[in-house]
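The data block below is work39.pdb; it holds PDB, C-alpha atoms.
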```pdb
ATOM      1  CA  MET A  28     145.308   1.745 -71.502
ATOM      2  CA  LYS A  29     144.848   0.448 -75.043
ATOM      3  CA  LYS A  30     143.576   3.113 -77.435
ATOM      4  CA  ASN A  31     140.531   2.458 -79.605
ATOM      5  CA  LYS A  32     140.693   2.998 -83.386
ATOM      6  CA  LEU A  33     139.231   6.517 -83.256
ATOM      7  CA  GLN A  34     141.660   7.603 -80.532
ATOM      8  CA  ARG A  35     144.549   6.222 -82.572
ATOM      9  CA  ALA A  36     143.345   8.106 -85.665
ATOM     10  CA  CYS A  37     143.150  11.331 -83.635
ATOM     11  CA  GLU A  38     146.652  10.757 -82.286
ATOM     12  CA  ILE A  39     148.002  10.307 -85.842
ATOM     13  CA  ALA A  40     146.301  13.562 -86.882
ATOM     14  CA  ILE A  41     147.759  15.575 -84.003
ATOM     15  CA  LYS A  42     151.235  14.098 -83.636
ATOM     16  CA  ASP A  43     152.138  12.756 -87.076
ATOM     17  CA  CYS A  44     150.229  14.989 -89.480
ATOM     18  CA  MET A  45     150.303  18.296 -87.592
ATOM     19  CA  GLY A  46     153.616  17.618 -85.869
ATOM     20  CA  ALA A  47     152.322  19.093 -82.599
ATOM     21  CA  LYS A  48     155.106  20.129 -80.217
ATOM     22  CA  PRO A  49     155.040  20.366 -76.410
ATOM     23  CA  LYS A  50     153.341  23.543 -75.090
ATOM     24  CA  GLU A  51     151.665  24.281 -78.432
ATOM     25  CA  LYS A  52     148.079  25.527 -78.211
ATOM     26  CA  ILE A  53     145.437  23.559 -80.137
ATOM     27  CA  LEU A  54     141.935  24.761 -81.032
ATOM     28  CA  ILE A  55     139.289  22.155 -81.873
ATOM     29  CA  LEU A  56     136.533  23.907 -83.831
ATOM     30  CA  THR A  57     133.522  21.711 -84.540
ATOM     31  CA  ASP A  58     129.731  21.783 -84.833
ATOM     32  CA  ASN A  59     126.952  19.721 -83.299
ATOM     33  CA  GLU A  60     126.861  17.386 -86.322
ATOM     34  CA  LYS A  61     130.526  16.388 -86.010
ATOM     35  CA  LYS A  62     131.064  16.750 -82.276
ATOM     36  CA  GLU A  63     131.939  13.058 -81.782
ATOM     37  CA  ILE A  64     135.089  13.558 -83.885
ATOM     38  CA  GLY A  65     135.688  17.011 -82.404
ATOM     39  CA  TYR A  66     135.514  15.832 -78.821
ATOM     40  CA  ALA A  67     137.710  12.809 -79.576
ATOM     41  CA  LEU A  68     140.372  15.157 -80.996
ATOM     42  CA  TYR A  69     140.035  17.387 -77.927
ATOM     43  CA  GLN A  70     140.415  14.485 -75.475
ATOM     44  CA  THR A  71     143.411  13.176 -77.414
ATOM     45  CA  ALA A  72     145.043  16.626 -77.328
ATOM     46  CA  LEU A  73     144.549  16.871 -73.563
ATOM     47  CA  GLU A  74     145.903  13.369 -73.013
ATOM     48  CA  GLY A  75     148.934  14.338 -75.109
ATOM     49  CA  GLY A  76     149.675  17.175 -72.698
ATOM     50  CA  TYR A  77     148.745  20.001 -75.054
ATOM     51  CA  GLU A  78     146.881  23.171 -74.114
ATOM     52  CA  ALA A  79     143.575  22.683 -75.908
ATOM     53  CA  LEU A  80     140.273  24.483 -76.342
ATOM     54  CA  TYR A  81     137.061  22.863 -77.603
ATOM     55  CA  VAL A  82     134.568  25.139 -79.410
ATOM     56  CA  GLU A  83     131.268  23.914 -80.829
ATOM     57  CA  MET A  84     129.312  26.152 -83.211
ATOM     58  CA  LYS A  85     126.159  25.993 -85.317
ATOM     59  CA  PRO A  86     126.719  24.176 -88.638
ATOM     60  CA  MET A  87     127.303  26.350 -91.700
ATOM     61  CA  GLU A  88     124.746  26.124 -94.513
ATOM     62  CA  MET A  89     127.209  25.609 -97.385
ATOM     63  CA  HIS A  90     130.820  24.634 -98.034
ATOM     64  CA  GLY A  91     132.964  27.790 -98.095
ATOM     65  CA  GLN A  92     130.573  29.901 -96.014
ATOM     66  CA  GLU A  93     132.369  32.230 -93.591
ATOM     67  CA  PRO A  94     132.085  31.443 -89.865
ATOM     68  CA  PRO A  95     131.152  34.247 -87.421
ATOM     69  CA  LYS A  96     133.754  36.992 -86.998
ATOM     70  CA  TYR A  97     134.592  35.995 -83.414
ATOM     71  CA  ILE A  98     135.353  32.441 -84.592
ATOM     72  CA  ALA A  99     137.605  33.767 -87.363
ATOM     73  CA  GLU A 100     139.489  35.907 -84.828
ATOM     74  CA  LEU A 101     139.811  33.004 -82.377
ATOM     75  CA  MET A 102     141.395  30.829 -85.067
ATOM     76  CA  GLN A 103     144.354  33.222 -85.271
ATOM     77  CA  LYS A 104     145.282  32.802 -81.593
ATOM     78  CA  PHE A 105     146.461  29.165 -81.720
ATOM     79  CA  ASN A 106     149.413  27.218 -83.098
ATOM     80  CA  ILE A 107     147.174  24.475 -84.506
ATOM     81  CA  VAL A 108     143.491  24.525 -85.463
ATOM     82  CA  LEU A 109     141.598  21.287 -86.191
ATOM     83  CA  ILE A 110     138.180  21.754 -87.827
ATOM     84  CA  PRO A 111     135.878  18.705 -88.047
ATOM     85  CA  THR A 112     132.643  20.242 -89.384
ATOM     86  CA  ALA A 113     129.704  19.273 -91.565
ATOM     87  CA  LYS A 114     130.514  22.021 -94.098
ATOM     88  CA  SER A 115     134.030  22.921 -95.177
ATOM     89  CA  LEU A 116     135.877  25.972 -93.845
ATOM     90  CA  THR A 117     138.861  25.237 -96.102
ATOM     91  CA  HIS A 118     138.061  27.862 -98.723
ATOM     92  CA  THR A 119     137.177  30.752 -96.409
ATOM     93  CA  ASN A 120     138.814  34.066 -95.554
ATOM     94  CA  ALA A 121     138.805  32.919 -91.915
ATOM     95  CA  ARG A 122     141.049  29.964 -92.778
ATOM     96  CA  ARG A 123     143.219  31.978 -95.183
ATOM     97  CA  ASN A 124     143.772  34.783 -92.667
ATOM     98  CA  ALA A 125     144.705  32.371 -89.872
ATOM     99  CA  SER A 126     147.121  30.550 -92.190
ATOM    100  CA  ALA A 127     148.693  33.897 -93.096
ATOM    101  CA  LYS A 128     149.397  34.413 -89.390
ATOM    102  CA  GLY A 129     151.340  31.134 -89.327
ATOM    103  CA  VAL A 130     148.631  28.901 -87.843
ATOM    104  CA  ARG A 131     148.754  25.256 -88.962
ATOM    105  CA  ILE A 132     145.250  24.139 -89.912
ATOM    106  CA  ALA A 133     143.575  20.845 -90.778
ATOM    107  CA  THR A 134     139.962  20.805 -91.940
ATOM    108  CA  PHE A 135     137.827  17.632 -91.785
ATOM    109  CA  PRO A 136     134.706  18.602 -93.797
ATOM    110  CA  GLY A 137     131.912  16.039 -93.645
ATOM    111  CA  ILE A 138     134.065  13.666 -91.611
ATOM    112  CA  THR A 139     132.561  10.449 -90.243
ATOM    113  CA  LYS A 140     133.969   7.999 -87.721
ATOM    114  CA  ASP A 141     134.561   5.365 -90.417
ATOM    115  CA  VAL A 142     136.291   7.826 -92.768
ATOM    116  CA  MET A 143     138.425   9.147 -89.904
ATOM    117  CA  ILE A 144     139.591   5.671 -88.926
ATOM    118  CA  ARG A 145     140.139   4.446 -92.492
ATOM    119  CA  GLY A 146     141.691   7.620 -93.856
ATOM    120  CA  MET A 147     144.040   8.446 -90.978
ATOM    121  CA  ASN A 148     145.500   4.956 -90.778
ATOM    122  CA  ALA A 149     147.472   5.542 -93.961
ATOM    123  CA  ASP A 150     151.170   5.849 -94.795
ATOM    124  CA  TYR A 151     151.382   9.638 -94.957
ATOM    125  CA  GLU A 152     155.112   9.648 -95.673
ATOM    126  CA  LYS A 153     154.370   7.608 -98.817
ATOM    127  CA  ILE A 154     151.341   9.741 -99.685
ATOM    128  CA  ALA A 155     153.392  12.932 -99.243
ATOM    129  CA  LYS A 156     156.101  11.686-101.604
ATOM    130  CA  LEU A 157     153.625  10.862-104.399
ATOM    131  CA  THR A 158     151.621  14.051-103.839
ATOM    132  CA  ILE A 159     154.698  16.275-104.053
ATOM    133  CA  LYS A 160     155.834  14.528-107.254
ATOM    134  CA  LEU A 161     152.439  15.069-108.910
ATOM    135  CA  THR A 162     152.327  18.675-107.712
ATOM    136  CA  LYS A 163     155.659  19.407-109.409
ATOM    137  CA  MET A 164     154.224  17.948-112.622
ATOM    138  CA  LEU A 165     151.195  20.243-112.341
ATOM    139  CA  ASP A 166     153.565  23.198-111.851
ATOM    140  CA  LYS A 167     155.296  22.499-115.142
ATOM    141  CA  ALA A 168     152.195  21.690-117.195
ATOM    142  CA  GLY A 169     150.579  24.182-119.540
ATOM    143  CA  THR A 170     147.365  22.197-119.953
ATOM    144  CA  ALA A 171     145.472  19.319-118.390
ATOM    145  CA  ARG A 172     143.020  17.195-120.357
ATOM    146  CA  VAL A 173     140.675  14.665-118.750
ATOM    147  CA  THR A 174     138.511  12.080-120.467
ATOM    148  CA  ALA A 175     136.440   9.255-118.980
ATOM    149  CA  PRO A 176     134.057   6.535-120.177
ATOM    150  CA  ASN A 177     131.142   8.569-118.758
ATOM    151  CA  GLY A 178     131.508  11.244-121.468
ATOM    152  CA  THR A 179     133.988  13.548-119.766
ATOM    153  CA  ASP A 180     136.275  15.451-122.137
ATOM    154  CA  ILE A 181     137.591  18.700-120.704
ATOM    155  CA  THR A 182     140.745  20.768-121.160
ATOM    156  CA  MET A 183     142.078  23.223-118.565
ATOM    157  CA  ASN A 184     144.775  25.890-118.988
ATOM    158  CA  LEU A 185     147.301  25.734-116.122
ATOM    159  CA  LYS A 186     149.860  28.262-117.383
ATOM    160  CA  GLY A 187     151.369  30.378-114.615
ATOM    161  CA  ARG A 188     149.552  28.562-111.835
ATOM    162  CA  LYS A 189     151.249  26.717-108.980
ATOM    163  CA  GLY A 190     150.172  23.262-107.891
ATOM    164  CA  ILE A 191     149.436  22.603-104.212
ATOM    165  CA  ALA A 192     150.304  19.414-102.345
ATOM    166  CA  SER A 193     147.732  18.378 -99.761
ATOM    167  CA  LYS A 194     150.138  15.787 -98.493
ATOM    168  CA  GLY A 195     148.833  15.145 -95.005
ATOM    169  CA  LEU A 196     151.894  16.561 -93.256
ATOM    170  CA  PHE A 197     151.221  20.126 -92.081
ATOM    171  CA  ARG A 198     154.190  20.754 -89.835
ATOM    172  CA  LYS A 199     155.445  24.141 -91.027
ATOM    173  CA  LYS A 200     154.011  27.555 -90.123
ATOM    174  CA  GLY A 201     150.982  28.440 -92.204
ATOM    175  CA  GLU A 202     150.535  25.003 -93.765
ATOM    176  CA  SER A 203     146.983  23.735 -94.143
ATOM    177  CA  GLY A 204     144.837  21.116 -95.818
ATOM    178  CA  ASN A 205     142.205  18.432 -95.351
ATOM    179  CA  LEU A 206     142.536  15.381 -93.137
ATOM    180  CA  PRO A 207     142.263  12.609 -94.132
ATOM    181  CA  THR A 208     144.027  13.772 -97.269
ATOM    182  CA  GLY A 209     146.141  12.965-100.269
ATOM    183  CA  GLU A 210     145.719  15.105-103.365
ATOM    184  CA  ALA A 211     147.691  17.290-105.738
ATOM    185  CA  PHE A 212     145.597  20.186-106.978
ATOM    186  CA  ILE A 213     145.768  23.432-108.926
ATOM    187  CA  ALA A 214     143.545  26.352-109.944
ATOM    188  CA  PRO A 215     143.076  26.397-113.735
ATOM    189  CA  LEU A 216     143.330  29.793-115.403
ATOM    190  CA  GLU A 217     140.017  31.660-115.230
ATOM    191  CA  GLY A 218     138.087  31.922-118.482
ATOM    192  CA  LYS A 219     140.077  29.230-120.280
ATOM    193  CA  THR A 220     138.515  25.840-119.418
ATOM    194  CA  GLU A 221     136.513  24.208-122.222
ATOM    195  CA  GLY A 222     134.580  20.957-122.513
ATOM    196  CA  VAL A 223     132.381  18.649-120.467
ATOM    197  CA  PHE A 224     132.932  16.852-117.178
ATOM    198  CA  VAL A 225     130.568  14.238-115.816
ATOM    199  CA  VAL A 226     130.453  13.758-112.042
ATOM    200  CA  ASP A 227     129.707  10.100-111.313
ATOM    201  CA  GLY A 228     131.301   9.679-107.865
ATOM    202  CA  SER A 229     130.108  12.291-105.404
ATOM    203  CA  MET A 230     129.808  16.055-105.185
ATOM    204  CA  SER A 231     130.150  18.326-102.186
ATOM    205  CA  GLY A 232     126.860  19.923-101.233
ATOM    206  CA  ILE A 233     125.029  16.966-102.801
ATOM    207  CA  GLY A 234     126.681  13.696-101.741
ATOM    208  CA  LYS A 235     126.924  10.380-103.563
ATOM    209  CA  ILE A 236     125.511  10.344-107.087
ATOM    210  CA  VAL A 237     122.737   7.746-106.959
ATOM    211  CA  ASP A 238     120.285   8.991-109.617
ATOM    212  CA  LYS A 239     122.096  10.017-112.810
ATOM    213  CA  PRO A 240     125.606  11.399-113.311
ATOM    214  CA  ILE A 241     125.786  15.201-113.364
ATOM    215  CA  LYS A 242     126.874  16.434-116.798
ATOM    216  CA  ILE A 243     128.471  19.895-116.599
ATOM    217  CA  THR A 244     129.176  21.757-119.827
ATOM    218  CA  VAL A 245     131.874  24.423-119.567
ATOM    219  CA  LYS A 246     132.590  27.341-121.888
ATOM    220  CA  ASN A 247     135.123  30.137-121.359
ATOM    221  CA  GLY A 248     135.913  28.836-117.874
ATOM    222  CA  LEU A 249     132.319  28.982-116.634
ATOM    223  CA  VAL A 250     129.566  26.418-116.151
ATOM    224  CA  GLU A 251     127.211  26.886-119.089
ATOM    225  CA  LYS A 252     124.811  23.980-118.544
ATOM    226  CA  VAL A 253     124.071  21.343-115.899
ATOM    227  CA  SER A 254     122.047  18.285-116.894
ATOM    228  CA  GLY A 255     121.167  14.905-115.404
ATOM    229  CA  GLY A 256     118.694  13.845-112.728
ATOM    230  CA  LYS A 257     117.707  15.063-109.273
ATOM    231  CA  GLU A 258     121.303  15.753-108.198
ATOM    232  CA  ALA A 259     121.773  17.957-111.269
ATOM    233  CA  ARG A 260     118.635  19.908-110.337
ATOM    234  CA  LYS A 261     120.045  20.480-106.859
ATOM    235  CA  LEU A 262     123.340  21.722-108.299
ATOM    236  CA  ARG A 263     121.509  24.117-110.623
ATOM    237  CA  GLU A 264     119.645  25.515-107.616
ATOM    238  CA  ILE A 265     122.901  26.043-105.701
ATOM    239  CA  ILE A 266     124.544  27.820-108.637
ATOM    240  CA  LYS A 267     121.495  30.030-109.119
ATOM    241  CA  ARG A 268     121.535  30.920-105.419
ATOM    242  CA  TYR A 269     125.194  31.959-105.373
ATOM    243  CA  GLY A 270     125.427  33.627-108.766
ATOM    244  CA  GLU A 271     128.067  34.040-111.448
ATOM    245  CA  LYS A 272     131.113  33.351-109.240
ATOM    246  CA  ALA A 273     129.726  29.907-108.428
ATOM    247  CA  LYS A 274     130.109  29.003-112.122
ATOM    248  CA  ASN A 275     133.885  29.410-112.083
ATOM    249  CA  ILE A 276     135.990  26.300-112.771
ATOM    250  CA  ALA A 277     138.049  26.550-109.614
ATOM    251  CA  GLU A 278     140.170  23.432-109.210
ATOM    252  CA  PHE A 279     141.624  20.361-110.832
ATOM    253  CA  GLY A 280     142.785  17.715-108.352
ATOM    254  CA  VAL A 281     144.268  14.213-108.430
ATOM    255  CA  GLY A 282     143.735  11.776-105.532
ATOM    256  CA  THR A 283     146.841  10.151-103.996
ATOM    257  CA  ASN A 284     145.597   8.228-100.933
ATOM    258  CA  ASP A 285     145.577   4.447-101.421
ATOM    259  CA  ALA A 286     144.012   3.744 -98.010
ATOM    260  CA  VAL A 287     140.639   5.341 -98.723
ATOM    261  CA  ARG A 288     137.818   4.196-100.977
ATOM    262  CA  LEU A 289     134.815   5.628-102.783
ATOM    263  CA  SER A 290     132.223   5.804-100.029
ATOM    264  CA  GLY A 291     129.976   8.679-101.086
ATOM    265  CA  ASN A 292     131.724  11.010 -98.645
ATOM    266  CA  LEU A 293     133.412  13.758-100.687
ATOM    267  CA  LEU A 294     136.194  14.276 -98.155
ATOM    268  CA  GLU A 295     137.261  10.664 -98.713
ATOM    269  CA  ASP A 296     136.256  10.247-102.365
ATOM    270  CA  GLU A 297     138.305  13.137-103.753
ATOM    271  CA  LYS A 298     141.462  11.749-102.092
ATOM    272  CA  ALA A 299     141.054   8.228-103.480
ATOM    273  CA  LEU A 300     143.897   7.039-105.669
ATOM    274  CA  GLY A 301     142.561   6.552-109.204
ATOM    275  CA  THR A 302     140.106   9.454-109.153
ATOM    276  CA  ILE A 303     140.261  13.101-110.151
ATOM    277  CA  HIS A 304     138.001  15.955-109.134
ATOM    278  CA  ILE A 305     137.014  19.279-110.623
ATOM    279  CA  ALA A 306     135.549  22.048-108.463
ATOM    280  CA  ILE A 307     133.434  25.101-109.118
ATOM    281  CA  GLY A 308     133.339  28.389-107.184
ATOM    282  CA  ASP A 309     136.111  29.776-104.991
ATOM    283  CA  ASN A 310     139.756  29.382-106.020
ATOM    284  CA  LYS A 311     141.270  32.219-103.984
ATOM    285  CA  SER A 312     142.775  29.702-101.549
ATOM    286  CA  MET A 313     144.823  28.107-104.324
ATOM    287  CA  GLY A 314     146.214  31.124-106.120
ATOM    288  CA  GLY A 315     143.195  31.992-108.253
ATOM    289  CA  LYS A 316     141.272  35.247-108.590
ATOM    290  CA  VAL A 317     137.711  34.249-107.666
ATOM    291  CA  ASN A 318     136.614  34.807-104.071
ATOM    292  CA  ALA A 319     133.244  33.062-103.917
ATOM    293  CA  PRO A 320     131.084  31.990-100.963
ATOM    294  CA  ILE A 321     131.117  28.342-102.105
ATOM    295  CA  HIS A 322     133.545  25.686-103.347
ATOM    296  CA  LEU A 323     132.043  22.438-104.636
ATOM    297  CA  ASP A 324     134.137  19.456-105.803
ATOM    298  CA  GLY A 325     132.872  16.758-108.158
ATOM    299  CA  VAL A 326     134.595  13.357-108.328
ATOM    300  CA  ILE A 327     135.102  11.538-111.629
ATOM    301  CA  LYS A 328     135.743   7.784-111.713
ATOM    302  CA  LYS A 329     138.084   5.913-114.097
ATOM    303  CA  PRO A 330     139.613   9.067-115.648
ATOM    304  CA  THR A 331     142.352   9.280-118.258
ATOM    305  CA  VAL A 332     144.583  12.308-117.744
ATOM    306  CA  TRP A 333     147.173  14.092-119.849
ATOM    307  CA  LEU A 334     149.440  16.894-118.632
ATOM    308  CA  ASP A 335     150.423  18.593-121.895
ATOM    309  CA  ASN A 336     151.089  15.517-124.058
ATOM    310  CA  LYS A 337     152.165  13.218-121.206
ATOM    311  CA  LEU A 338     149.734  10.499-120.166
ATOM    312  CA  ILE A 339     149.769  10.294-116.346
ATOM    313  CA  MET A 340     146.600   8.252-115.701
ATOM    314  CA  LYS A 341     144.793   5.661-117.813
ATOM    315  CA  ASP A 342     141.243   4.558-116.931
ATOM    316  CA  GLY A 343     141.827   5.317-113.251
ATOM    317  CA  LYS A 344     145.292   3.752-113.049
ATOM    318  CA  LEU A 345     147.924   6.297-112.034
ATOM    319  CA  LEU A 346     151.083   5.892-114.124
ATOM    320  CA  VAL A 347     153.241   7.970-111.778
ATOM    321  CA  GLU A 348     155.044   6.264-108.899
TER
END
```

Transcribe the structure of this file into structure tokens.
Amino acid sequence: MKKNKLQRACEIAIKDCMGAKPKEKILILTDNEKKEIGYALYQTALEGGYEALYVEMKPMEMHGQEPPKYIAELMQKFNIVLIPTAKSLTHTNARRNASAKGVRIATFPGITKDVMIRGMNADYEKIAKLTIKLTKMLDKAGTARVTAPNGTDITMNLKGRKGIASKGLFRKKGESGNLPTGEAFIAPLEGKTEGVFVVDGSMSGIGKIVDKPIKITVKNGLVEKVSGGKEARKLREIIKRYGEKAKNIAEFGVGTNDAVRLSGNLLEDEKALGTIHIAIGDNKSMGGKVNAPIHLDGVIKKPTVWLDNKLIMKDGKLLVE
């Protein structure tokens, strides 16, 4: 029987990206907002001959919020866990603890059918190669500076921090990342980021920026001021709700997936080749020191990027091959 596009995308996720082996146990953890993707992954796993369990839970309220304890414990009992949910479980203790036990995990926060089909039908061997190359450059860099036509001009200290390759191939014990994916990212040193970044693509917890870009002023590694329109007001409310740790500059990431496009869906937008993103909140998952209940990424279009004094991106054109 000929597979439809969603079934094919699910098959790529399970077989190609996760490298699922015969007799491996797969947990599909979803919620009632993303159950179409969750059930498609489950059916594909069963058809592939894998032992699979489908679990549907209530949606979390915010990206990075911990799932119930029994869910966290269940995640540790499988070889592979696939998590298509409305809110991200990537930056949670539940995910970190399962990864530490050797579980291979892919999170699909905010996934839609269109994004799943578009993003999974990519050349992940090619994406992995570029992502690993950029990650090695982040490893060696002492600083990253980003400017953009929208007013962005921010400098981040990367000394002593290790870059992480979300390359789309999670085949070794304990490996994890988003799907669809394609990004090289790093946790800047706490207390050292200075400048302004202007989010004009999309932001997790908020969505596509349709009113005015969100201007975020940063001093001593913390968000000092948020200005703009209605989306900026929403971000201020979120930061106020979650406190001082939510102000932390948590991540600097570079998109490496040439199959996706800016759609307003953060999961897709932050992976798009030619964009960068900066996140606030939790960075514990990426070698940082801040364990916060939220992690929010903001996408910047047409950035120019320097690692130390080396220009690696000019007006959204990546100069690394």

Residue IDs satisfying the PyMOL selection byres ((chain A and resi 288) around 9), as a PyMOL selection string: chain A and resi 145-146+284-287+289-290+295-296+298-300

Pick from A:Ile305, A:Leu68, A:Val332, A:Leu116, whichever lies nearest to A:Glu88 using only C-alpha atoms: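 Smallest separation from A:Glu88 among the options: A:Leu116.
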
Residues near stretch 100-108 of chain A, cut-off 9 Å, all atoms listed in the file, skip fewer than 5 positions along chain, as JSON, numbers by chain: {"A": [41, 45, 47, 51, 52, 53, 54, 55, 56, 95, 121, 122, 124, 125, 126, 127, 128, 129, 130, 131, 132, 133, 134, 200]}

Polymer residues at most 12 Å from A:Lys261, only C-alpha atoms, same-chain spacing of 4 or more positions, as number ranges by chain: A: 230-234, 236, 238, 241, 253-257, 265-268

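Counting from atom CA of A:Asn31, the distance to atom CA of A:Gly282 is 27.7 Å.
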
Polymer residues at most 8 Å from A:Leu334, only C-alpha atoms, same-chain spacing of 3 or more positions, as a list in words: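 Selected residues are Met164, Leu165, Ala168, Gly169, Thr170, Ala171, Arg172, Lys337, Leu338 and Ile339 of chain A.
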
Create the file for the chosen residues now, containing C-alpha atoms and written as a short mmCIF file (atom, residue, chain, number, x, y, z; two decimals), in the frame of the given file.
```
data_model
loop_
_atom_site.label_atom_id
_atom_site.label_comp_id
_atom_site.auth_asym_id
_atom_site.auth_seq_id
_atom_site.Cartn_x
_atom_site.Cartn_y
_atom_site.Cartn_z
CA MET A 164 154.22 17.95 -112.62
CA LEU A 165 151.20 20.24 -112.34
CA ALA A 168 152.20 21.69 -117.20
CA GLY A 169 150.58 24.18 -119.54
CA THR A 170 147.36 22.20 -119.95
CA ALA A 171 145.47 19.32 -118.39
CA ARG A 172 143.02 17.20 -120.36
CA LYS A 337 152.16 13.22 -121.21
CA LEU A 338 149.73 10.50 -120.17
CA ILE A 339 149.77 10.29 -116.35
#
```

Matched chain/residue IDs from the PyMOL selection byres ((chain A and resi 193) around 12), as a PyMOL selection string: chain A and resi 44+117+132-134+151+154-162+190-192+194-197+202-213+280-284+297-298+313

Point (133.8, 13.6, -119.8) neighbourhood (12 Å, all atoms listed in the file) written as a PyMOL selection string: chain A and resi 172-182+221-227+240-245+303-305+326-332

Keeping C-alpha atoms for every residue in the selection just given, could you write it to a file as a CSV table (one decimal), in the frame of the given file?
```csv
chain,number,residue,atom,x,y,z
A,172,ARG,CA,143.0,17.2,-120.4
A,173,VAL,CA,140.7,14.7,-118.8
A,174,THR,CA,138.5,12.1,-120.5
A,175,ALA,CA,136.4,9.3,-119.0
A,176,PRO,CA,134.1,6.5,-120.2
A,177,ASN,CA,131.1,8.6,-118.8
A,178,GLY,CA,131.5,11.2,-121.5
A,179,THR,CA,134.0,13.5,-119.8
A,180,ASP,CA,136.3,15.5,-122.1
A,181,ILE,CA,137.6,18.7,-120.7
A,182,THR,CA,140.7,20.8,-121.2
A,221,GLU,CA,136.5,24.2,-122.2
A,222,GLY,CA,134.6,21.0,-122.5
A,223,VAL,CA,132.4,18.6,-120.5
A,224,PHE,CA,132.9,16.9,-117.2
A,225,VAL,CA,130.6,14.2,-115.8
A,226,VAL,CA,130.5,13.8,-112.0
A,227,ASP,CA,129.7,10.1,-111.3
A,240,PRO,CA,125.6,11.4,-113.3
A,241,ILE,CA,125.8,15.2,-113.4
A,242,LYS,CA,126.9,16.4,-116.8
A,243,ILE,CA,128.5,19.9,-116.6
A,244,THR,CA,129.2,21.8,-119.8
A,245,VAL,CA,131.9,24.4,-119.6
A,303,ILE,CA,140.3,13.1,-110.2
A,304,HIS,CA,138.0,16.0,-109.1
A,305,ILE,CA,137.0,19.3,-110.6
A,326,VAL,CA,134.6,13.4,-108.3
A,327,ILE,CA,135.1,11.5,-111.6
A,328,LYS,CA,135.7,7.8,-111.7
A,329,LYS,CA,138.1,5.9,-114.1
A,330,PRO,CA,139.6,9.1,-115.6
A,331,THR,CA,142.4,9.3,-118.3
A,332,VAL,CA,144.6,12.3,-117.7
```

Point-to-point distance from atom CA of A:Gly201 to atom CA of A:Leu33, Å rounded to tenths: 26.4 Å

Given the PyMOL selection byres ((chain A and resi 188) around 8) and the file above, list the residues it selects as a PDB file with C-alpha atoms, keeping the file's coordinate frame.
```pdb
ATOM      1  CA  ASP A 166     153.565  23.198-111.851  1.00  0.00           C
ATOM      2  CA  LEU A 185     147.301  25.734-116.122  1.00  0.00           C
ATOM      3  CA  LYS A 186     149.860  28.262-117.383  1.00  0.00           C
ATOM      4  CA  GLY A 187     151.369  30.378-114.615  1.00  0.00           C
ATOM      5  CA  LYS A 189     151.249  26.717-108.980  1.00  0.00           C
ATOM      6  CA  GLY A 190     150.172  23.262-107.891  1.00  0.00           C
ATOM      7  CA  ILE A 213     145.768  23.432-108.926  1.00  0.00           C
ATOM      8  CA  ALA A 214     143.545  26.352-109.944  1.00  0.00           C
ATOM      9  CA  PRO A 215     143.076  26.397-113.735  1.00  0.00           C
ATOM     10  CA  LEU A 216     143.330  29.793-115.403  1.00  0.00           C
ATOM     11  CA  GLY A 314     146.214  31.124-106.120  1.00  0.00           C
TER      12      GLY A 314
END
```

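You will find atom CA of A:Pro86 at 18.4 Å from atom CA of A:Tyr69.
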
Which of A:Lys50, A:Gln34, A:Tyr269, A:Lys219 sits closest to A:Gly248 [using only C-alpha atoms]: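 The answer is A:Lys219, which sits nearest to A:Gly248.
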
Proximity to A:Ile321 - best of A:Glu63, A:Glu93, A:Asp150, A:Glu217, only C-alpha atoms: A:Glu93

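With distances restricted to all atoms listed in the file, A:Asp324 is the closest residue to A:Glu278 from A:Asp43, A:Glu264, A:Glu258, A:Asp324.
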
Who sits within 6 Å of A:Lys274, all atoms listed in the file, same chain under 6 positions skipped, as a list in words: Leu249, Val250, Ile307 and Gly308 of chain A
